[in-house]
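These notes are about the structure you will find just below.
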Amino acid sequence: MAIPFVFIVAVLFIGLGWPVVCSLDRTKSFNLGERLAIAFLVGCFVNYLAVFALGLWRLDSLIMWGLIVFMGVLAVPGLRQIPWQIISKHLAIEIEKSRNDLSLGFLWLSVLAIGLSSLIQGMAPPNDYDSLMYHLSQPQYDVEMGRLSIPWDRALGTELFPALAGNLSRLALATVGPGAAQMLHGLLGIVGGIGSALLVLRLGGNCKTAILAALFFLATRVVIWEMATVETDVSLAAYTIFATVVYLVLRNQPSLGLAILTGLLIGCGILTKYHGFVVAAAFAPLTLFDFLRRRLAFGIAFALPMSSLIALVPHMARNFAITENPVYPLFNRIFNPDTHNFFVAAAERVEGVGYGTGRSLTDLLMTPWNMFIHPMQLFDGMIFGAPYLLAFVPLLILDLGTLKKWLPALSIALGYFIGWFYLIDFQVRFLTPIVPILAAAAAVGFVILWEKTQPFFLLKTAFAGLAILLTVNQLLFVGVYSIIRLPVAVGLMGPADYHLKTPTMNGAMYGTCTYIRDHLKTGERYFSSIQPHSYYCPQAAAINNIFPERARWWIKENQSRPQELSLQEFIKQTERYAIQFFIAPARSYNRRNETARMIFTDTNTSTYRYGRFLVPAFEQLEPLMVGPYTNVYSGPDVIAQLKKQLAEQNK
């Protein structure tokens with residue numbers, strides 16, 4: 001069901017976006033591939049607005065299926081305008097070329113194999129930490145509540161993050177399920193690869209170089225990983241690369257429509273992830289340069305940021321109504337100085353060393369080398385894989401004419417990199433938005449050097465050896481993810497076995513959460529002490545450490561955590577909400593040992609909220625369900641033990 005659903009929704013999004021793109025591109029500056037991809041991205045924005053508007057009233061299966069039908073009707077005019085016969089003819093010509101050109105055929109097969117493999121892996125059960133914690137669990141909470149809501153007891157701040165990608169998840173979760181949600185996000189990874197290819201063609205490269213650019217992007221480790229999840233870095237990359245493509249057209253063929261479209265894509269990037277603000281800032285120097293050089297008139301230059309701002313209005317208005325901060329939780333010290341600041345730790349890492357090196361000019365210049373050559377020592381792991389981007393992007397300098405063409409796109413990438421270095425929490429995956437630009441530049445650099453080595457046998461052989469070495473290295477990452485995810489994605493392994501064999505930071509809690517979901521009756525509640533509060537657990541029925549009366553503390557109060565109840569008050573609240581189960585952490589694992597094998601250690605649950613009450617009670621009971629990381633206990637039995645504790649205290 002997920003595959004046809006994703007295909008149909010993708011076509012509908014293209015149909016919705018096509019008339020918008022055509023109306024803004026009156027001079028027909030875009031080629032067919034660019035129009036199709038941009039139309040899809042605009043269609044995602046239309047879905048965001050529709051789910052946002054309907055979800056404030058009602059968000060369930062009936063309404064979301066109705067929305068799909070309605071979007072299908074609206075998409076008909078756009079779908080009828082698309083030149084399907086021309087598309088079919090282009091595909092036939094490309095297939096014929098591939099049959100007669102071995103290298104071209106190999107490139108196409110490689111791109112299709114990696115792209116489709118990563119896409120299909122999205123049908124595997126979710127098991128990445130951020131999706132379990134909020135990317136999927138919070139949309140699922142809304143679906144269970146039947147409207148756009150805020151799980152106040154989570155107190156994460158992510159509840160009010162941008163939701164363009166999140167609304168893709170809400171549409172899919174309410175209709176088909178998590179596999180469809182992950183595959184919809186995977187499509188944005190495919191679009192990012194297409195953007196790399198089209199950027200190469202836009203700047204004068206040939207078809208083989210363009211396909212190589214798409215391959216470089218799709219084979220990047222972070223892209224392979226995130227395409228099968230609902231993480232948002234790759235989605236932001238898709239909007240960034242096409243904002244870049246449209247802007248390059250705009251600066252050569254200035255028009256108000258193209259300025260609006262560029263701004264809309266940048267705004268959509270911000271609606272995908274707040275790091276889109278850094279993307280917007282990266283465009284500013286180039287836009288200012290073009291304005292001062294009179295490439296762009298004032299009205300056109302002004303329309304670009306204004307269209308971004310207009311796209312953000314629904315999100316900012318909702319945030320302001322709830323928190324009095326339109327970009328909550330960013331800058332909350334400014335808007336709400338007397339309330340809780342979620343990003344204290346992140347701000348301290350930005351101001352200090354953080355996950356990486358220091359922030360001197362030397363550190364800035366050394367960071368590209370460090371992130372590829374010393375990734376485990378300085379940053380968040382080997383996010384990119386083999387250092388082919390580091391090796392090939394600088395090769396553009398070998399052809400000054402080509403380099404000149406690429407300077408505007410590279411200036412956007414450089415601007416974002418500098419913004420990331422000085423403004424963002426020091427994690428390398430946050431550089432994903434500029435990977436499509438770097439992948440395209442790397443492909444061009446690779447081809448430049450390959451062509452220059454042709455007259456020299458030894459140089460050509462050495463370069464070919466280097467390319468083979470990097471390819472084999474990167475294929476290991478591609479293969480590992482395929483081996484892990486594809487068997488369960490295609491039904492050769494059950495989800496329970498998959499989660500037992502696939503480590504997840506703090507665990508996915510699949511077994512224990514599924515036990516609660518299977519045994520909890522409608523209207524019943526349970527108490528959760530686990531972090532993250534896994535997507536697999538019932539969402540709306542959970543009381544996550546904090547009872548509803550105090551759950552909004554983080555919006556109103558300037559403290560790290562709310563005051564705890566006394567034992568008597570805690571018992572009263574558990575009885576009031578008729579708690580049927582308690583789920584609590586029991587053990588964790590680490591691999592920091594000589595063999596790097598997983599070693600489990602018991603969790604000191606007494607340090608958790610209300611742990612001083614609950615641990616003595618748990619110790620007197622047998623769990624109803626034991627998982628690798630968590631245990632489930634009978635609610636009535638735990639409450640009975642708590643009453644015994646209270647009686648002992650009152651003696």
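Following the order of the structure tokens, first chain is A, next is B, and so on, with residues numbered from 1 inside each chain and ligands from 1 in the order they appear.
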
Write out as CSV the residues of range 97-195 of chain A that have any atom within 12 Å of an atom of range 201-213 of chain A, one row each with the nearest atom pair and its distance in Å to one decimal, counting only C-alpha atoms, sorted by chain and then rising number.
residue,atom,partner,partner_atom,distance
A:Lys97,CA,A:Cys207,CA,10.9
A:Ser98,CA,A:Lys208,CA,10.5
A:Asp101,CA,A:Lys208,CA,10.5
A:Leu102,CA,A:Lys208,CA,11.3
A:Ser103,CA,A:Lys208,CA,8.4
A:Leu104,CA,A:Lys208,CA,6.3
A:Gly105,CA,A:Lys208,CA,9.6
A:Phe106,CA,A:Lys208,CA,10.2
A:Leu107,CA,A:Ile211,CA,6.5
A:Trp108,CA,A:Ile211,CA,6.9
A:Leu109,CA,A:Ile211,CA,10.2
A:Ser110,CA,A:Leu212,CA,9.3
A:Val111,CA,A:Ile211,CA,7.3
A:Leu112,CA,A:Ile211,CA,10.2
A:Gly115,CA,A:Ile211,CA,11.9
A:Gly192,CA,A:Ala213,CA,10.5
A:Gly193,CA,A:Ala213,CA,7.4
A:Ile194,CA,A:Ile211,CA,8.4
A:Gly195,CA,A:Ala213,CA,9.1

Output of the above residues as a PDB file, in the first residue's frame, restricted to N, CA and C atoms:
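Contents of selection35.pdb, freshly written:
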ATOM      1  N   LYS A  97      20.189   5.573 -25.612  1.00  0.00           N
ATOM      2  CA  LYS A  97      21.576   6.008 -25.453  1.00  0.00           C
ATOM      3  C   LYS A  97      22.333   5.107 -24.487  1.00  0.00           C
ATOM      4  N   SER A  98      21.661   4.725 -23.408  1.00  0.00           N
ATOM      5  CA  SER A  98      22.302   3.892 -22.387  1.00  0.00           C
ATOM      6  C   SER A  98      22.643   2.508 -22.925  1.00  0.00           C
ATOM      7  N   ASP A 101      25.891   3.059 -24.922  1.00  0.00           N
ATOM      8  CA  ASP A 101      27.022   3.672 -24.223  1.00  0.00           C
ATOM      9  C   ASP A 101      27.151   2.993 -22.862  1.00  0.00           C
ATOM     10  N   LEU A 102      28.152   2.148 -22.716  1.00  0.00           N
ATOM     11  CA  LEU A 102      28.304   1.336 -21.510  1.00  0.00           C
ATOM     12  C   LEU A 102      28.456   2.196 -20.260  1.00  0.00           C
ATOM     13  N   SER A 103      29.285   3.240 -20.341  1.00  0.00           N
ATOM     14  CA  SER A 103      29.514   4.076 -19.158  1.00  0.00           C
ATOM     15  C   SER A 103      28.250   4.824 -18.753  1.00  0.00           C
ATOM     16  N   LEU A 104      27.491   5.319 -19.744  1.00  0.00           N
ATOM     17  CA  LEU A 104      26.240   6.009 -19.447  1.00  0.00           C
ATOM     18  C   LEU A 104      25.248   5.045 -18.803  1.00  0.00           C
ATOM     19  N   GLY A 105      25.153   3.852 -19.350  1.00  0.00           N
ATOM     20  CA  GLY A 105      24.250   2.852 -18.790  1.00  0.00           C
ATOM     21  C   GLY A 105      24.631   2.484 -17.366  1.00  0.00           C
ATOM     22  N   PHE A 106      25.941   2.367 -17.110  1.00  0.00           N
ATOM     23  CA  PHE A 106      26.405   2.032 -15.759  1.00  0.00           C
ATOM     24  C   PHE A 106      26.035   3.133 -14.772  1.00  0.00           C
ATOM     25  N   LEU A 107      26.204   4.402 -15.188  1.00  0.00           N
ATOM     26  CA  LEU A 107      25.851   5.515 -14.307  1.00  0.00           C
ATOM     27  C   LEU A 107      24.358   5.516 -13.988  1.00  0.00           C
ATOM     28  N   TRP A 108      23.528   5.316 -15.016  1.00  0.00           N
ATOM     29  CA  TRP A 108      22.088   5.290 -14.790  1.00  0.00           C
ATOM     30  C   TRP A 108      21.694   4.149 -13.849  1.00  0.00           C
ATOM     31  N   LEU A 109      22.245   2.970 -14.079  1.00  0.00           N
ATOM     32  CA  LEU A 109      21.920   1.823 -13.225  1.00  0.00           C
ATOM     33  C   LEU A 109      22.359   2.064 -11.785  1.00  0.00           C
ATOM     34  N   SER A 110      23.518   2.701 -11.613  1.00  0.00           N
ATOM     35  CA  SER A 110      24.013   2.982 -10.264  1.00  0.00           C
ATOM     36  C   SER A 110      23.087   3.948  -9.534  1.00  0.00           C
ATOM     37  N   VAL A 111      22.686   5.019 -10.221  1.00  0.00           N
ATOM     38  CA  VAL A 111      21.790   6.001  -9.612  1.00  0.00           C
ATOM     39  C   VAL A 111      20.444   5.364  -9.259  1.00  0.00           C
ATOM     40  N   LEU A 112      19.906   4.602 -10.196  1.00  0.00           N
ATOM     41  CA  LEU A 112      18.602   3.976  -9.949  1.00  0.00           C
ATOM     42  C   LEU A 112      18.681   2.964  -8.814  1.00  0.00           C
ATOM     43  N   GLY A 115      19.223   4.983  -5.478  1.00  0.00           N
ATOM     44  CA  GLY A 115      18.036   5.785  -5.175  1.00  0.00           C
ATOM     45  C   GLY A 115      16.837   4.936  -4.785  1.00  0.00           C
ATOM     46  N   GLY A 192      16.495  15.934  -4.265  1.00  0.00           N
ATOM     47  CA  GLY A 192      17.789  16.553  -4.019  1.00  0.00           C
ATOM     48  C   GLY A 192      18.840  16.073  -5.002  1.00  0.00           C
ATOM     49  N   GLY A 193      18.840  14.760  -5.291  1.00  0.00           N
ATOM     50  CA  GLY A 193      19.773  14.221  -6.284  1.00  0.00           C
ATOM     51  C   GLY A 193      19.500  14.770  -7.668  1.00  0.00           C
ATOM     52  N   ILE A 194      18.211  14.878  -8.027  1.00  0.00           N
ATOM     53  CA  ILE A 194      17.844  15.472  -9.322  1.00  0.00           C
ATOM     54  C   ILE A 194      18.332  16.918  -9.385  1.00  0.00           C
ATOM     55  N   GLY A 195      18.228  17.616  -8.251  1.00  0.00           N
ATOM     56  CA  GLY A 195      18.705  18.996  -8.215  1.00  0.00           C
ATOM     57  C   GLY A 195      20.191  19.106  -8.482  1.00  0.00           C
TER      58      GLY A 195
END

Pick out the residues sitting within 9 Å of Val615 in chain A, and hand them over as a PyMOL selection string; count only C-alpha atoms, and ignore anything fewer than 3 positions along from it in its own chain. chain A and resi 604-606+610-612+618-620

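In this structure, CA of Ala75 in chain A sits 11.1 Å away from CA of Ala39 in chain A.
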
Extract, using only C-alpha atoms, all DNA, RNA and protein residues at most 10 Å from Leu470 in chain A, discarding same-chain residues fewer than 4 positions from it, and format them as number ranges by chain. A: 385-388, 391, 464-466, 474-475

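Considering only range 435-596 of chain A, backbone DSSP assigns strand (DSSP E or B) to Arg525, Tyr526, Phe527, Ser528, Ala542, Ile543, Asn544, Ile579, Gln580, Phe581, Phe582, Ile583, Ala584, Pro585, Arg587, Ser588, Tyr589 and Asn590 of chain A.
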
Report the distance between CA of Phe392 in chain A and CA of Phe446 in chain A in Å, rounded to one decimal place. 5.5 Å

At a cut-off of 7 Å, using only C-alpha atoms, what residues contact Met227 in chain A? Leave out same-chain residues fewer than 6 positions from it and give the result as a ChimeraX atom specification. /A:118-119,122,185-186,189

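Straight-line separation from CA of Ser588 in chain A to CA of Val638 in chain A: 22.8 Å.
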
Close residues, range 554-569 of chain A itself excluded, 8 Å, only C-alpha atoms, min 2 positions apart in chain, as a ChimeraX atom specification: /A:155,323,338-341,550-552,571-573,609-610,613,642,646

Just write the chosen residues, N, CA, C and O atoms, as a JSON list (two decimals), in the first residue's frame.
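Dumped everything to selection_33.json:
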[["chain", "number", "residue", "atom", "x", "y", "z"],
["A", 155, "ALA", "N", 7.53, 18.37, 26.84],
["A", 155, "ALA", "CA", 8.39, 19.51, 27.18],
["A", 155, "ALA", "C", 9.69, 19.50, 26.39],
["A", 155, "ALA", "O", 10.77, 19.66, 26.93],
["A", 323, "THR", "N", 2.85, 31.22, 22.18],
["A", 323, "THR", "CA", 4.04, 31.51, 23.01],
["A", 323, "THR", "C", 4.46, 32.98, 23.02],
["A", 323, "THR", "O", 5.39, 33.33, 23.76],
["A", 338, "ASP", "N", 11.55, 35.55, 30.71],
["A", 338, "ASP", "CA", 11.23, 34.97, 32.01],
["A", 338, "ASP", "C", 10.68, 33.55, 31.91],
["A", 338, "ASP", "O", 10.11, 33.04, 32.88],
["A", 339, "THR", "N", 10.84, 32.90, 30.76],
["A", 339, "THR", "CA", 10.35, 31.53, 30.61],
["A", 339, "THR", "C", 11.51, 30.60, 30.27],
["A", 339, "THR", "O", 12.65, 31.03, 30.06],
["A", 340, "HIS", "N", 11.19, 29.32, 30.18],
["A", 340, "HIS", "CA", 12.20, 28.29, 30.00],
["A", 340, "HIS", "C", 12.90, 28.43, 28.64],
["A", 340, "HIS", "O", 12.24, 28.69, 27.63],
["A", 341, "ASN", "N", 14.21, 28.26, 28.61],
["A", 341, "ASN", "CA", 14.99, 28.30, 27.37],
["A", 341, "ASN", "C", 15.48, 26.89, 27.05],
["A", 341, "ASN", "O", 16.29, 26.32, 27.77],
["A", 550, "ARG", "N", 0.11, 20.25, 35.34],
["A", 550, "ARG", "CA", 1.39, 20.95, 35.40],
["A", 550, "ARG", "C", 2.16, 20.88, 34.08],
["A", 550, "ARG", "O", 3.29, 21.35, 33.99],
["A", 551, "ALA", "N", 1.54, 20.29, 33.04],
["A", 551, "ALA", "CA", 2.29, 19.97, 31.83],
["A", 551, "ALA", "C", 2.74, 21.20, 31.04],
["A", 551, "ALA", "O", 3.69, 21.11, 30.26],
["A", 552, "ARG", "N", 2.10, 22.35, 31.25],
["A", 552, "ARG", "CA", 2.46, 23.55, 30.47],
["A", 552, "ARG", "C", 3.53, 24.40, 31.15],
["A", 552, "ARG", "O", 3.75, 25.55, 30.77],
["A", 571, "ILE", "N", 0.20, 9.60, 44.38],
["A", 571, "ILE", "CA", -0.78, 8.51, 44.43],
["A", 571, "ILE", "C", -2.16, 9.01, 44.03],
["A", 571, "ILE", "O", -2.89, 8.37, 43.26],
["A", 572, "LYS", "N", -2.51, 10.19, 44.53],
["A", 572, "LYS", "CA", -3.82, 10.76, 44.22],
["A", 572, "LYS", "C", -3.98, 10.97, 42.71],
["A", 572, "LYS", "O", -5.05, 10.68, 42.14],
["A", 573, "GLN", "N", -2.94, 11.45, 42.07],
["A", 573, "GLN", "CA", -3.01, 11.71, 40.63],
["A", 573, "GLN", "C", -3.06, 10.40, 39.83],
["A", 573, "GLN", "O", -3.79, 10.30, 38.84],
["A", 609, "ARG", "N", 12.42, 11.31, 37.26],
["A", 609, "ARG", "CA", 11.32, 11.99, 37.93],
["A", 609, "ARG", "C", 10.42, 10.95, 38.60],
["A", 609, "ARG", "O", 9.96, 10.01, 37.95],
["A", 610, "TYR", "N", 10.16, 11.10, 39.88],
["A", 610, "TYR", "CA", 9.37, 10.19, 40.71],
["A", 610, "TYR", "C", 10.02, 8.82, 40.85],
["A", 610, "TYR", "O", 9.39, 7.88, 41.34],
["A", 613, "PHE", "N", 10.01, 7.15, 44.28],
["A", 613, "PHE", "CA", 8.80, 6.44, 44.67],
["A", 613, "PHE", "C", 8.67, 5.13, 43.91],
["A", 613, "PHE", "O", 8.30, 4.10, 44.49],
["A", 642, "LEU", "N", 2.80, 1.75, 46.20],
["A", 642, "LEU", "CA", 3.00, 3.15, 46.61],
["A", 642, "LEU", "C", 2.21, 3.47, 47.87],
["A", 642, "LEU", "O", 2.68, 4.20, 48.76],
["A", 646, "LEU", "N", 3.48, 4.89, 51.53],
["A", 646, "LEU", "CA", 2.89, 6.02, 52.23],
["A", 646, "LEU", "C", 2.50, 5.64, 53.65],
["A", 646, "LEU", "O", 2.70, 6.42, 54.60]]

If we count only C-alpha atoms, what is near Gln531 in chain A at a cut-off of 8 Å, once residues fewer than 2 positions away on the same chain are taken out, given as a compact mmCIF listing (two decimals) with all heavy atoms, in the first residue's frame?
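Produced file out.txt, reproduced below:
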# COMPACT_ATOMS: atom_id res chain seq x y z
N MET A 133 11.58 10.02 18.85
CA MET A 133 11.38 11.02 19.89
C MET A 133 10.34 12.06 19.49
O MET A 133 9.46 12.41 20.28
CB MET A 133 12.70 11.71 20.22
CG MET A 133 12.59 12.78 21.30
SD MET A 133 14.18 13.38 21.91
CE MET A 133 14.85 14.13 20.42
N ASN A 506 19.34 4.46 22.99
CA ASN A 506 18.34 4.31 24.07
C ASN A 506 17.26 3.29 23.75
O ASN A 506 16.35 3.08 24.56
CB ASN A 506 17.68 5.65 24.41
CG ASN A 506 18.64 6.57 25.12
OD1 ASN A 506 19.81 6.26 25.29
ND2 ASN A 506 18.15 7.73 25.52
N SER A 529 8.03 6.83 31.89
CA SER A 529 9.27 7.47 32.35
C SER A 529 10.39 7.35 31.32
O SER A 529 11.54 7.65 31.63
CB SER A 529 9.73 6.85 33.67
OG SER A 529 8.78 7.04 34.68
N HIS A 533 10.12 9.22 24.40
CA HIS A 533 8.84 8.54 24.48
C HIS A 533 8.55 7.98 23.09
O HIS A 533 8.08 8.68 22.21
CB HIS A 533 7.73 9.48 24.94
CG HIS A 533 6.42 8.79 25.10
ND1 HIS A 533 6.16 7.98 26.16
CD2 HIS A 533 5.33 8.74 24.32
CE1 HIS A 533 4.95 7.46 26.04
NE2 HIS A 533 4.42 7.93 24.92
N SER A 534 8.84 6.72 22.90
CA SER A 534 8.92 6.12 21.58
C SER A 534 7.64 6.25 20.76
O SER A 534 6.53 6.17 21.29
CB SER A 534 9.28 4.63 21.72
OG SER A 534 9.20 3.97 20.47

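Considering only C-alpha atoms, the residue among A:Val632, A:Ala113, A:Ala586, A:Ala409 positioned nearest to Gly507 in chain A is A:Ala586.
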
For Asn127 in chain A, work out the shell of residues within 8 Å, counting only C-alpha atoms and skipping chain neighbours fewer than 4 positions away, then give it as a PyMOL selection string. chain A and resi 131-132+499+504+508
